[in-house]
file protein_37.pdb (PDB, C-alpha atoms)
ATOM      1  CA  MET X  17     -16.089 -24.155   3.340
ATOM      2  CA  LYS X  18     -14.022 -23.599   6.454
ATOM      3  CA  HIS X  19     -10.828 -25.614   6.525
ATOM      4  CA  PHE X  20      -9.946 -24.684  10.084
ATOM      5  CA  THR X  21     -12.255 -23.817  12.930
ATOM      6  CA  LYS X  22     -11.904 -22.673  16.490
ATOM      7  CA  GLU X  23     -11.793 -26.340  17.508
ATOM      8  CA  HIS X  24      -8.703 -26.825  15.319
ATOM      9  CA  ALA X  25      -7.082 -23.733  16.819
ATOM     10  CA  GLN X  26      -7.764 -24.851  20.390
ATOM     11  CA  THR X  27      -6.552 -28.388  19.773
ATOM     12  CA  ILE X  28      -3.368 -27.173  18.113
ATOM     13  CA  ALA X  29      -2.747 -24.651  20.898
ATOM     14  CA  LYS X  30      -2.989 -27.472  23.411
ATOM     15  CA  LYS X  31      -0.787 -29.774  21.372
ATOM     16  CA  LEU X  32       1.937 -27.153  20.948
ATOM     17  CA  ALA X  33       1.741 -26.289  24.653
ATOM     18  CA  CYS X  34       1.000 -22.675  23.822
ATOM     19  CA  SER X  35       0.745 -19.955  26.406
ATOM     20  CA  LEU X  36      -2.538 -18.085  26.072
ATOM     21  CA  ARG X  37      -3.089 -14.338  26.385
ATOM     22  CA  GLU X  38      -6.433 -12.605  26.471
ATOM     23  CA  ASP X  39      -6.096  -9.737  24.034
ATOM     24  CA  ARG X  40      -8.829  -7.270  23.173
ATOM     25  CA  ALA X  41      -9.890  -8.741  19.845
ATOM     26  CA  HIS X  42      -9.304 -12.417  20.583
ATOM     27  CA  THR X  43      -7.319 -14.893  22.636
ATOM     28  CA  THR X  44      -3.746 -15.147  21.428
ATOM     29  CA  ALA X  45      -1.787 -18.383  21.582
ATOM     30  CA  GLU X  46       1.995 -18.132  21.617
ATOM     31  CA  VAL X  47       4.367 -20.948  20.759
ATOM     32  CA  PHE X  48       7.667 -20.814  22.584
ATOM     33  CA  GLU X  49      10.700 -22.988  22.179
ATOM     34  CA  GLY X  50      12.813 -22.353  25.203
ATOM     35  CA  GLU X  51      12.619 -18.596  25.520
ATOM     36  CA  THR X  52      12.163 -17.930  21.835
ATOM     37  CA  LEU X  53       8.773 -16.925  20.479
ATOM     38  CA  VAL X  54       8.187 -19.007  17.354
ATOM     39  CA  ALA X  55       4.630 -18.129  16.386
ATOM     40  CA  ARG X  56       1.468 -16.374  17.545
ATOM     41  CA  PHE X  57      -2.050 -17.052  16.398
ATOM     42  CA  GLY X  58      -5.447 -15.739  17.351
ATOM     43  CA  ILE X  59      -8.327 -17.845  18.632
ATOM     44  CA  ARG X  60     -11.666 -16.177  18.052
ATOM     45  CA  ARG X  61     -14.140 -15.941  20.845
ATOM     46  CA  GLY X  62     -17.532 -17.508  20.204
ATOM     47  CA  SER X  63     -18.753 -20.675  18.525
ATOM     48  CA  ARG X  64     -16.432 -23.636  18.008
ATOM     49  CA  GLU X  65     -17.344 -23.550  14.318
ATOM     50  CA  LEU X  66     -15.895 -20.110  13.664
ATOM     51  CA  GLY X  67     -13.460 -20.051  10.776
ATOM     52  CA  HIS X  68      -9.705 -19.905  11.490
ATOM     53  CA  ASP X  69      -8.300 -20.238   8.011
ATOM     54  CA  HIS X  70      -5.398 -17.940   8.869
ATOM     55  CA  LEU X  71      -4.004 -20.668  11.135
ATOM     56  CA  PRO X  72      -1.483 -22.247   8.698
ATOM     57  CA  SER X  73       0.073 -18.930   7.726
ATOM     58  CA  GLU X  74       0.368 -17.791  11.348
ATOM     59  CA  LEU X  75       1.999 -21.085  12.321
ATOM     60  CA  HIS X  76       4.350 -20.875   9.284
ATOM     61  CA  LEU X  77       2.937 -24.133   7.972
ATOM     62  CA  ARG X  78       1.354 -25.424   4.837
ATOM     63  CA  ARG X  79      -2.296 -26.343   5.049
ATOM     64  CA  MET X  80      -1.652 -30.086   5.041
ATOM     65  CA  GLU X  81       0.970 -29.739   7.749
ATOM     66  CA  CYS X  82      -1.499 -27.786   9.838
ATOM     67  CA  LYS X  83      -4.043 -30.576   9.342
ATOM     68  CA  ALA X  84      -1.389 -33.079  10.368
ATOM     69  CA  LEU X  85      -0.788 -31.084  13.531
ATOM     70  CA  TYR X  86      -4.482 -31.329  14.330
ATOM     71  CA  ASP X  87      -4.710 -35.008  13.345
ATOM     72  CA  CYS X  88      -1.795 -36.039  15.602
ATOM     73  CA  THR X  89       0.487 -37.092  12.745
ATOM     74  CA  LEU X  90       2.674 -34.074  13.577
ATOM     75  CA  ASP X  91       3.502 -33.343  17.208
ATOM     76  CA  ARG X  92       5.239 -30.471  18.973
ATOM     77  CA  PHE X  93       8.643 -32.081  18.542
ATOM     78  CA  GLY X  94       8.056 -32.478  14.798
ATOM     79  CA  TYR X  95       6.753 -28.924  14.546
ATOM     80  CA  ILE X  96       9.848 -27.449  16.231
ATOM     81  CA  ARG X  97      12.097 -29.543  14.009
ATOM     82  CA  LEU X  98      10.201 -28.244  10.974
ATOM     83  CA  MET X  99      10.640 -24.664  12.193
ATOM     84  CA  ARG X 100      14.369 -25.218  12.557
ATOM     85  CA  GLU X 101      14.560 -26.675   9.054
ATOM     86  CA  ARG X 102      12.759 -23.616   7.698
ATOM     87  CA  GLY X 103      14.974 -21.191   9.537
ATOM     88  CA  GLU X 104      12.276 -19.904  11.853
ATOM     89  CA  LEU X 105      14.470 -20.996  14.739
ATOM     90  CA  PRO X 106      18.241 -21.265  14.954
ATOM     91  CA  PRO X 107      19.613 -24.815  14.920
ATOM     92  CA  SER X 108      19.559 -26.507  18.298
ATOM     93  CA  PRO X 109      22.902 -26.648  20.203
ATOM     94  CA  THR X 110      23.114 -30.408  19.683
ATOM     95  CA  GLU X 111      22.681 -29.968  15.928
ATOM     96  CA  GLN X 112      25.303 -27.212  15.878
ATOM     97  CA  ALA X 113      27.729 -29.485  17.703
TER      98      ALA X 113
ATOM     99  CA  MET K   2     -53.957 -94.916 -26.610
ATOM    100  CA  LYS K   3     -53.973 -93.084 -29.892
ATOM    101  CA  MET K   4     -55.309 -89.666 -30.587
ATOM    102  CA  THR K   5     -56.189 -88.107 -33.877
ATOM    103  CA  CYS K   6     -55.417 -84.607 -34.901
ATOM    104  CA  PRO K   7     -58.294 -82.190 -34.563
ATOM    105  CA  ALA K   8     -58.858 -81.915 -38.279
ATOM    106  CA  GLU K   9     -61.691 -84.414 -38.418
ATOM    107  CA  SER K  10     -63.975 -81.847 -39.925
ATOM    108  CA  ASP K  11     -61.522 -81.264 -42.748
ATOM    109  CA  PRO K  12     -63.696 -81.334 -45.854
ATOM    110  CA  ARG K  13     -60.866 -82.529 -47.999
ATOM    111  CA  PRO K  14     -60.871 -86.334 -48.378
ATOM    112  CA  ALA K  15     -57.627 -87.954 -47.467
ATOM    113  CA  PRO K  16     -55.848 -89.573 -50.430
ATOM    114  CA  PRO K  17     -55.733 -93.344 -50.133
ATOM    115  CA  VAL K  18     -51.946 -93.307 -50.520
ATOM    116  CA  VAL K  19     -51.574 -91.207 -47.452
ATOM    117  CA  GLU K  20     -54.026 -93.319 -45.492
ATOM    118  CA  ALA K  21     -52.122 -96.447 -46.390
ATOM    119  CA  ARG K  22     -48.849 -94.848 -45.436
ATOM    120  CA  LEU K  23     -50.293 -93.653 -42.165
ATOM    121  CA  ALA K  24     -51.591 -97.156 -41.435
ATOM    122  CA  LYS K  25     -48.085 -98.509 -41.829
ATOM    123  CA  ALA K  26     -46.411 -95.831 -39.801
ATOM    124  CA  PRO K  27     -48.989 -94.101 -37.661
ATOM    125  CA  THR K  28     -46.487 -92.019 -35.783
ATOM    126  CA  LYS K  29     -44.474 -90.886 -38.771
ATOM    127  CA  HIS K  30     -46.255 -87.569 -39.126
ATOM    128  CA  ALA K  31     -46.143 -87.014 -35.454
ATOM    129  CA  GLY K  32     -42.333 -87.092 -35.742
ATOM    130  CA  LYS K  33     -42.442 -84.532 -38.505
ATOM    131  CA  LEU K  34     -44.788 -82.368 -36.518
ATOM    132  CA  GLN K  35     -42.589 -82.651 -33.494
ATOM    133  CA  ALA K  36     -39.551 -81.623 -35.524
ATOM    134  CA  LEU K  37     -41.499 -78.782 -37.054
ATOM    135  CA  THR K  38     -42.767 -77.700 -33.665
ATOM    136  CA  GLN K  39     -39.294 -77.804 -32.184
ATOM    137  CA  ASP K  40     -37.990 -75.726 -35.067
ATOM    138  CA  LEU K  41     -40.718 -73.232 -34.422
ATOM    139  CA  TRP K  42     -39.886 -73.160 -30.721
ATOM    140  CA  LEU K  43     -36.277 -72.539 -31.464
ATOM    141  CA  THR K  44     -37.093 -69.736 -33.811
ATOM    142  CA  GLY K  45     -39.480 -68.402 -31.220
ATOM    143  CA  GLU K  46     -42.401 -68.030 -33.570
ATOM    144  CA  PHE K  47     -44.865 -69.734 -31.240
ATOM    145  CA  THR K  48     -45.569 -68.018 -28.000
ATOM    146  CA  SER K  49     -49.126 -69.060 -27.375
ATOM    147  CA  GLY K  50     -48.595 -71.957 -24.982
ATOM    148  CA  PRO K  51     -49.566 -75.532 -25.644
ATOM    149  CA  PHE K  52     -51.807 -74.597 -28.560
ATOM    150  CA  GLU K  53     -48.853 -74.451 -30.833
ATOM    151  CA  SER K  54     -49.217 -78.221 -31.216
ATOM    152  CA  VAL K  55     -52.626 -77.649 -32.702
ATOM    153  CA  ALA K  56     -51.234 -74.808 -34.745
ATOM    154  CA  ALA K  57     -48.441 -77.048 -35.930
ATOM    155  CA  VAL K  58     -50.942 -79.673 -36.973
ATOM    156  CA  ALA K  59     -52.865 -77.028 -38.841
ATOM    157  CA  MET K  60     -49.644 -76.002 -40.547
ATOM    158  CA  GLY K  61     -48.943 -79.608 -41.329
ATOM    159  CA  HIS K  62     -52.277 -79.722 -43.143
ATOM    160  CA  GLU K  63     -51.439 -76.587 -44.980
ATOM    161  CA  PHE K  64     -47.782 -77.067 -45.908
ATOM    162  CA  LEU K  65     -47.074 -80.775 -45.704
ATOM    163  CA  ASN K  66     -50.286 -81.807 -47.444
ATOM    164  CA  LEU K  67     -51.487 -83.845 -44.484
ATOM    165  CA  SER K  68     -55.196 -84.321 -44.077
ATOM    166  CA  TRP K  69     -54.964 -85.800 -40.601
ATOM    167  CA  ALA K  70     -52.259 -87.449 -38.615
ATOM    168  CA  PRO K  71     -52.546 -89.886 -35.762
ATOM    169  CA  VAL K  72     -50.117 -88.999 -33.020
ATOM    170  CA  GLN K  73     -49.330 -90.433 -29.651
ATOM    171  CA  GLN K  74     -51.047 -88.676 -26.782
ATOM    172  CA  ALA K  75     -47.887 -89.147 -24.781
ATOM    173  CA  ASN K  76     -45.979 -87.257 -27.454
ATOM    174  CA  ILE K  77     -48.370 -84.334 -27.296
ATOM    175  CA  LEU K  78     -48.191 -84.251 -23.524
ATOM    176  CA  ALA K  79     -44.408 -84.485 -23.609
ATOM    177  CA  LEU K  80     -44.278 -81.737 -26.214
ATOM    178  CA  SER K  81     -46.612 -79.648 -24.133
ATOM    179  CA  ASP K  82     -44.619 -80.203 -20.944
ATOM    180  CA  ALA K  83     -41.339 -79.517 -22.692
ATOM    181  CA  TYR K  84     -42.726 -76.382 -24.193
ATOM    182  CA  LEU K  85     -44.099 -75.217 -20.870
ATOM    183  CA  ALA K  86     -40.820 -75.889 -19.122
ATOM    184  CA  LYS K  87     -38.844 -74.196 -21.866
ATOM    185  CA  SER K  88     -41.167 -71.221 -22.152
ATOM    186  CA  GLY K  89     -41.352 -70.881 -18.369
ATOM    187  CA  GLN K  90     -37.602 -70.844 -18.172
ATOM    188  CA  MET K  91     -37.404 -68.338 -21.006
ATOM    189  CA  VAL K  92     -39.967 -66.139 -19.349
ATOM    190  CA  ARG K  93     -38.136 -66.409 -16.034
ATOM    191  CA  GLU K  94     -34.798 -65.572 -17.624
ATOM    192  CA  ARG K  95     -36.286 -62.694 -19.558
ATOM    193  CA  LEU K  96     -38.043 -61.434 -16.466
ATOM    194  CA  GLN K  97     -34.844 -61.657 -14.442
ATOM    195  CA  GLU K  98     -33.008 -59.832 -17.188
ATOM    196  CA  GLN K  99     -35.635 -57.114 -17.352
ATOM    197  CA  LEU K 100     -35.775 -56.807 -13.574
ATOM    198  CA  GLY K 101     -31.989 -56.625 -13.476
ATOM    199  CA  VAL K 102     -32.070 -53.831 -16.001
ATOM    200  CA  VAL K 103     -34.813 -52.052 -14.089
ATOM    201  CA  PHE K 104     -33.015 -52.355 -10.736
ATOM    202  CA  GLY K 105     -29.722 -51.406 -12.361
ATOM    203  CA  HIS K 106     -31.366 -48.292 -13.729
ATOM    204  CA  SER K 107     -32.900 -47.684 -10.334
ATOM    205  CA  ARG K 108     -29.477 -47.808  -8.639
ATOM    206  CA  GLU K 109     -28.014 -45.522 -11.278
ATOM    207  CA  LEU K 110     -30.926 -43.140 -10.830
ATOM    208  CA  ASP K 111     -30.357 -43.126  -7.068
ATOM    209  CA  ALA K 112     -26.705 -42.286  -7.596
ATOM    210  CA  ILE K 113     -27.572 -39.565 -10.087
ATOM    211  CA  ARG K 114     -30.185 -38.181  -7.708
ATOM    212  CA  GLY K 115     -27.598 -38.048  -4.901
ATOM    213  CA  GLU K 116     -25.087 -36.289  -7.143
ATOM    214  CA  LEU K 117     -27.750 -33.829  -8.242
ATOM    215  CA  ALA K 118     -28.624 -33.053  -4.626
ATOM    216  CA  ALA K 119     -24.950 -32.454  -3.831
ATOM    217  CA  LEU K 120     -24.588 -30.242  -6.897
ATOM    218  CA  ARG K 121     -27.725 -28.316  -5.965
ATOM    219  CA  GLN K 122     -26.345 -27.735  -2.471
ATOM    220  CA  LEU K 123     -22.985 -26.653  -3.872
ATOM    221  CA  LEU K 124     -24.730 -24.336  -6.300
ATOM    222  CA  GLU K 125     -26.738 -22.759  -3.483
ATOM    223  CA  THR K 126     -23.570 -22.284  -1.418
ATOM    224  CA  LEU K 127     -21.719 -20.741  -4.343
ATOM    225  CA  THR K 128     -24.671 -18.542  -5.218
ATOM    226  CA  GLY K 129     -24.768 -17.316  -1.620
ATOM    227  CA  LYS K 130     -21.059 -16.552  -1.697
ATOM    228  CA  VAL K 131     -21.264 -14.785  -5.030
ATOM    229  CA  ASP K 132     -24.207 -12.740  -3.769
ATOM    230  CA  ARG K 133     -22.260 -11.826  -0.635
ATOM    231  CA  LEU K 134     -19.223 -10.876  -2.682
ATOM    232  CA  ALA K 135     -21.357  -8.819  -5.046
ATOM    233  CA  ALA K 136     -23.023  -7.057  -2.133
ATOM    234  CA  ASN K 137     -19.752  -6.650  -0.180
ATOM    235  CA  PRO K 138     -16.819  -6.472  -2.536
ATOM    236  CA  VAL K 139     -13.323  -6.804  -1.156
ATOM    237  CA  HIS K 140     -11.877  -3.381  -0.554
ATOM    238  CA  THR K 141      -8.971  -1.705   1.134
ATOM    239  CA  ILE K 142      -9.174   0.808   3.925
ATOM    240  CA  CYS K 143      -6.268   3.092   4.622
ATOM    241  CA  VAL K 144      -5.637   3.513   8.347
ATOM    242  CA  ARG K 145      -3.997   6.820   9.276
ATOM    243  CA  SER K 146      -4.703   6.912  12.974
ATOM    244  CA  PHE K 147      -5.067   4.686  16.022
ATOM    245  CA  ALA K 148      -6.584   7.426  18.192
ATOM    246  CA  PRO K 149      -7.265   7.413  21.063
ATOM    247  CA  GLU K 150      -4.479   4.849  21.495
ATOM    248  CA  PRO K 151      -1.088   6.448  22.192
ATOM    249  CA  PHE K 152       0.395   5.369  18.863
ATOM    250  CA  GLU K 153       1.217   7.338  15.772
ATOM    251  CA  VAL K 154       1.080   6.064  12.244
ATOM    252  CA  ALA K 155       4.404   6.607  10.509
ATOM    253  CA  VAL K 156       3.174   5.132   7.226
ATOM    254  CA  PRO K 157      -0.553   4.664   6.516
ATOM    255  CA  LEU K 158      -1.565   1.008   6.746
ATOM    256  CA  ASP K 159      -3.630  -0.676   4.059
ATOM    257  CA  ILE K 160      -6.217  -2.960   5.638
ATOM    258  CA  LEU K 161      -8.023  -5.451   3.441
ATOM    259  CA  ILE K 162     -11.677  -5.991   4.326
ATOM    260  CA  ALA K 163     -13.487  -8.963   2.817
ATOM    261  CA  PRO K 164     -16.689 -10.844   3.584
ATOM    262  CA  ASP K 165     -16.022 -13.984   5.574
ATOM    263  CA  GLU K 166     -17.038 -17.283   3.989
ATOM    264  CA  GLU K 167     -20.240 -17.749   5.955
ATOM    265  CA  ASP K 168     -21.029 -14.553   7.750
ATOM    266  CA  GLY K 169     -19.285 -11.486   9.075
ATOM    267  CA  PHE K 170     -16.122  -9.927   7.711
ATOM    268  CA  GLN K 171     -12.440 -10.519   7.974
ATOM    269  CA  ALA K 172      -9.792  -7.865   8.005
ATOM    270  CA  ALA K 173      -6.150  -8.427   7.214
ATOM    271  CA  PHE K 174      -2.959  -6.438   7.450
ATOM    272  CA  LEU K 175      -1.062  -8.519   4.965
ATOM    273  CA  ASP K 176       2.358  -6.922   5.399
ATOM    274  CA  ALA K 177       2.529  -8.230   8.956
ATOM    275  CA  LYS K 178       0.339 -11.314   8.331
ATOM    276  CA  LEU K 179      -2.228 -10.228  10.879
ATOM    277  CA  HIS K 180      -5.907 -11.136  10.682
ATOM    278  CA  ALA K 181      -9.075 -10.346  12.582
ATOM    279  CA  TYR K 182     -12.789 -10.925  12.211
ATOM    280  CA  GLY K 183     -15.974  -9.070  13.027
ATOM    281  CA  GLU K 184     -19.718  -9.217  12.563
ATOM    282  CA  THR K 185     -19.646  -5.993  10.567
ATOM    283  CA  LYS K 186     -16.976  -4.180   8.563
ATOM    284  CA  GLU K 187     -16.596  -1.717  11.418
ATOM    285  CA  ASP K 188     -16.100  -4.534  13.933
ATOM    286  CA  ALA K 189     -13.566  -6.211  11.684
ATOM    287  CA  LEU K 190     -11.663  -2.943  11.250
ATOM    288  CA  SER K 191     -11.750  -2.203  14.965
ATOM    289  CA  ASN K 192     -10.528  -5.738  15.758
ATOM    290  CA  ILE K 193      -7.634  -5.622  13.289
ATOM    291  CA  LYS K 194      -6.511  -2.313  14.733
ATOM    292  CA  ALA K 195      -6.605  -3.809  18.222
ATOM    293  CA  THR K 196      -4.717  -6.863  16.984
ATOM    294  CA  ILE K 197      -2.042  -4.717  15.354
ATOM    295  CA  LEU K 198      -1.496  -2.720  18.531
ATOM    296  CA  ASP K 199      -1.558  -5.766  20.829
ATOM    297  CA  THR K 200       0.972  -7.528  18.611
ATOM    298  CA  TYR K 201       3.164  -4.436  18.402
ATOM    299  CA  ARG K 202       3.141  -4.018  22.189
ATOM    300  CA  ARG K 203       3.827  -7.674  22.787
ATOM    301  CA  LEU K 204       6.710  -7.896  20.319
ATOM    302  CA  CYS K 205       8.240  -4.663  21.607
ATOM    303  CA  GLU K 206       8.262  -6.162  25.098
ATOM    304  CA  MET K 207      10.634  -8.849  23.921
ATOM    305  CA  PRO K 208      14.245  -8.472  22.821
ATOM    306  CA  ASP K 209      14.998  -9.397  19.243
ATOM    307  CA  THR K 210      17.104 -12.320  20.409
ATOM    308  CA  ARG K 211      14.013 -13.994  21.794
ATOM    309  CA  LEU K 212      12.053 -13.791  18.570
ATOM    310  CA  GLY K 213      11.879 -16.384  15.841
ATOM    311  CA  ARG K 214      12.540 -15.240  12.271
ATOM    312  CA  SER K 215       8.920 -14.476  11.336
ATOM    313  CA  MET K 216       8.198 -12.859  14.684
ATOM    314  CA  LEU K 217      11.231 -10.629  14.253
ATOM    315  CA  ARG K 218      10.129  -9.716  10.759
ATOM    316  CA  GLN K 219       6.646  -8.913  12.039
ATOM    317  CA  LYS K 220       8.147  -6.645  14.669
ATOM    318  CA  GLN K 221      10.259  -4.864  12.077
ATOM    319  CA  VAL K 222       7.254  -4.352   9.801
ATOM    320  CA  LEU K 223       5.174  -2.938  12.638
ATOM    321  CA  ASN K 224       8.071  -0.689  13.692
ATOM    322  CA  HIS K 225       8.075   0.636  10.139
ATOM    323  CA  TYR K 226       4.402   1.568  10.266
ATOM    324  CA  LEU K 227       3.935   2.562  13.904
ATOM    325  CA  ARG K 228       5.631   4.399  16.695
ATOM    326  CA  GLU K 229       4.602   5.283  20.189
ATOM    327  CA  ALA K 230       3.184   8.780  20.490
ATOM    328  CA  GLN K 231       5.532  11.304  22.033
ATOM    329  CA  THR K 232       4.133  12.629  25.298
ATOM    330  CA  ARG K 233       4.451  16.405  25.577
TER     331      ARG K 233
END

call {"tool": "encode", "arguments": {"input": "protein_37.pdb", "output": "structure tokens"}}
result
Amino acid sequence: MKHFTKEHAQTIAKKLACSLREDRAHTTAEVFEGETLVARFGIRRGSRELGHDHLPSELHLRRMECKALYDCTLDRFGYIRLMRERGELPPSPTEQA
Amino acid sequence: MKMTCPAESDPRPAPPVVEARLAKAPTKHAGKLQALTQDLWLTGEFTSGPFESVAAVAMGHEFLNLSWAPVQQANILALSDAYLAKSGQMVRERLQEQLGVVFGHSRELDAIRGELAALRQLLETLTGKVDRLAANPVHTICVRSFAPEPFEVAVPLDILIAPDEEDGFQAAFLDAKLHAYGETKEDALSNIKATILDTYRRLCEMPDTRLGRSMLRQKQVLNHYLREAQTR
């Protein structure tokens, strides 16, 4: 059973305001915060039902958090905050102050 | 109007004492018969409809030593009606109970049938996966070259190739958390190699200060395994 499909990947890419790059093997979505690259994940070309179960690990999330990102219970702001809490990003200047 | 019991053809002559007693209290035996009949109803021994009155009279002859007993027709009709009402209600209740049991079983059977169908589908899915795994076991391929790409392999890379859940194959370079897919093992391998190089190029374009922790780690891992080929 596929937990994440291309539809999940596309929706999440849109929600995180990713920049998309057409690589040779697949389309790559990049998540930036300011100028810092936080995460990259591949979106397979082809059917919307294609499996993308690597999505949580590439976004540095747990599976449920990734679902929450798709289901709208976690937004870009929440995702970036989570990344800061996990040390993927340095604390924001306001938090440092 | 009075009615006699149907034992007129009884060959036994009625004792005069009984006749005299019956003349004084013609409905006395009817009361006994009614009580007897009611007892029999309650114990459920009579199930043959209104004929139990006749049967009760016959039993009265047999057990109570009655040769014949005048009873009120109204009593017999009332007994008959009461019995019919009571037996009808009993039959209705029993029927409802039985139908309830039958429909209850039917609902349970439907639920069991649904669960069985789901289990059968799950079993088919699992069987398919097991067959695919048996036919295409997970294995590792050691990559020593990216030719003709202008990159050299400093340390051979172990690429994991596994059948995808439904169809095709997935390839993973776990050290750098990179994944790719393909219709065949060769496609999957080719795609993971392309992904590794695209990622390496992209991360090398960016200064370390612009990379998040995992991105920086990925860059460091790829730098450990790869280097750009020296042009001569």

call {"tool": "closest_residue", "arguments": {"input": "protein_37.pdb", "among": "X:Leu105, X:Cys88, X:Leu66, X:Leu53", "to": "Lys30 (chain X)", "atoms": "only C-alpha atoms"}}
result
X:Cys88

call {"tool": "interface_residues", "arguments": {"input": "protein_37.pdb", "of": "chain X", "to": "chain K", "cutoff": "9 Å", "atoms": "only C-alpha atoms", "output": "PDB file with C-alpha atoms, keeping the file's coordinate frame"}}
result
ATOM      1  CA  MET X  17     -16.089 -24.155   3.340  1.00  0.00           C
ATOM      2  CA  LYS X  18     -14.022 -23.599   6.454  1.00  0.00           C
ATOM      3  CA  ASP X  39      -6.096  -9.737  24.034  1.00  0.00           C
ATOM      4  CA  ARG X  40      -8.829  -7.270  23.173  1.00  0.00           C
ATOM      5  CA  ALA X  41      -9.890  -8.741  19.845  1.00  0.00           C
ATOM      6  CA  HIS X  42      -9.304 -12.417  20.583  1.00  0.00           C
ATOM      7  CA  GLU X  51      12.619 -18.596  25.520  1.00  0.00           C
ATOM      8  CA  THR X  52      12.163 -17.930  21.835  1.00  0.00           C
ATOM      9  CA  LEU X  53       8.773 -16.925  20.479  1.00  0.00           C
ATOM     10  CA  VAL X  54       8.187 -19.007  17.354  1.00  0.00           C
ATOM     11  CA  ALA X  55       4.630 -18.129  16.386  1.00  0.00           C
ATOM     12  CA  ARG X  56       1.468 -16.374  17.545  1.00  0.00           C
ATOM     13  CA  PHE X  57      -2.050 -17.052  16.398  1.00  0.00           C
ATOM     14  CA  GLY X  58      -5.447 -15.739  17.351  1.00  0.00           C
ATOM     15  CA  ARG X  60     -11.666 -16.177  18.052  1.00  0.00           C
ATOM     16  CA  GLY X  67     -13.460 -20.051  10.776  1.00  0.00           C
ATOM     17  CA  HIS X  70      -5.398 -17.940   8.869  1.00  0.00           C
ATOM     18  CA  SER X  73       0.073 -18.930   7.726  1.00  0.00           C
ATOM     19  CA  GLU X  74       0.368 -17.791  11.348  1.00  0.00           C
ATOM     20  CA  HIS X  76       4.350 -20.875   9.284  1.00  0.00           C
ATOM     21  CA  GLY X 103      14.974 -21.191   9.537  1.00  0.00           C
ATOM     22  CA  GLU X 104      12.276 -19.904  11.853  1.00  0.00           C
ATOM     23  CA  LEU X 105      14.470 -20.996  14.739  1.00  0.00           C
ATOM     24  CA  PRO X 106      18.241 -21.265  14.954  1.00  0.00           C
TER      25      PRO X 106
END

call {"tool": "resolve_selection", "arguments": {"input": "protein_37.pdb", "expression": "the PyMOL selection byres ((chain X and resi 21) around 8)", "output": "list in words"}}
result
Lys18, His19, Phe20, Lys22, Glu23, His24, Ala25, Arg64, Glu65, Leu66, Gly67, His68 and Asp69 of chain X

call {"tool": "atom_distance", "arguments": {"input": "protein_37.pdb", "atom1": "CA of Arg37 (chain X)", "atom2": "CA of Glu49 (chain X)"}}
result
16.8 Å

call {"tool": "axis_aligned_box", "arguments": {"input": "protein_37.pdb", "around": "region 49-68 of chain X", "padding_each_side": "3 Å", "output": "JSON"}}
result
{"center_x": -3.0, "center_y": -19.7, "center_z": 18.1, "size_x": 37.6, "size_y": 13.9, "size_z": 20.7}

call {"tool": "atom_distance", "arguments": {"input": "protein_37.pdb", "atom1": "CA of Lys186 (chain K)", "atom2": "CA of Leu227 (chain K)"}}
result
22.6 Å

call {"tool": "atom_distance", "arguments": {"input": "protein_37.pdb", "atom1": "CA of Leu127 (chain K)", "atom2": "CA of Pro164 (chain K)"}}
result
13.6 Å
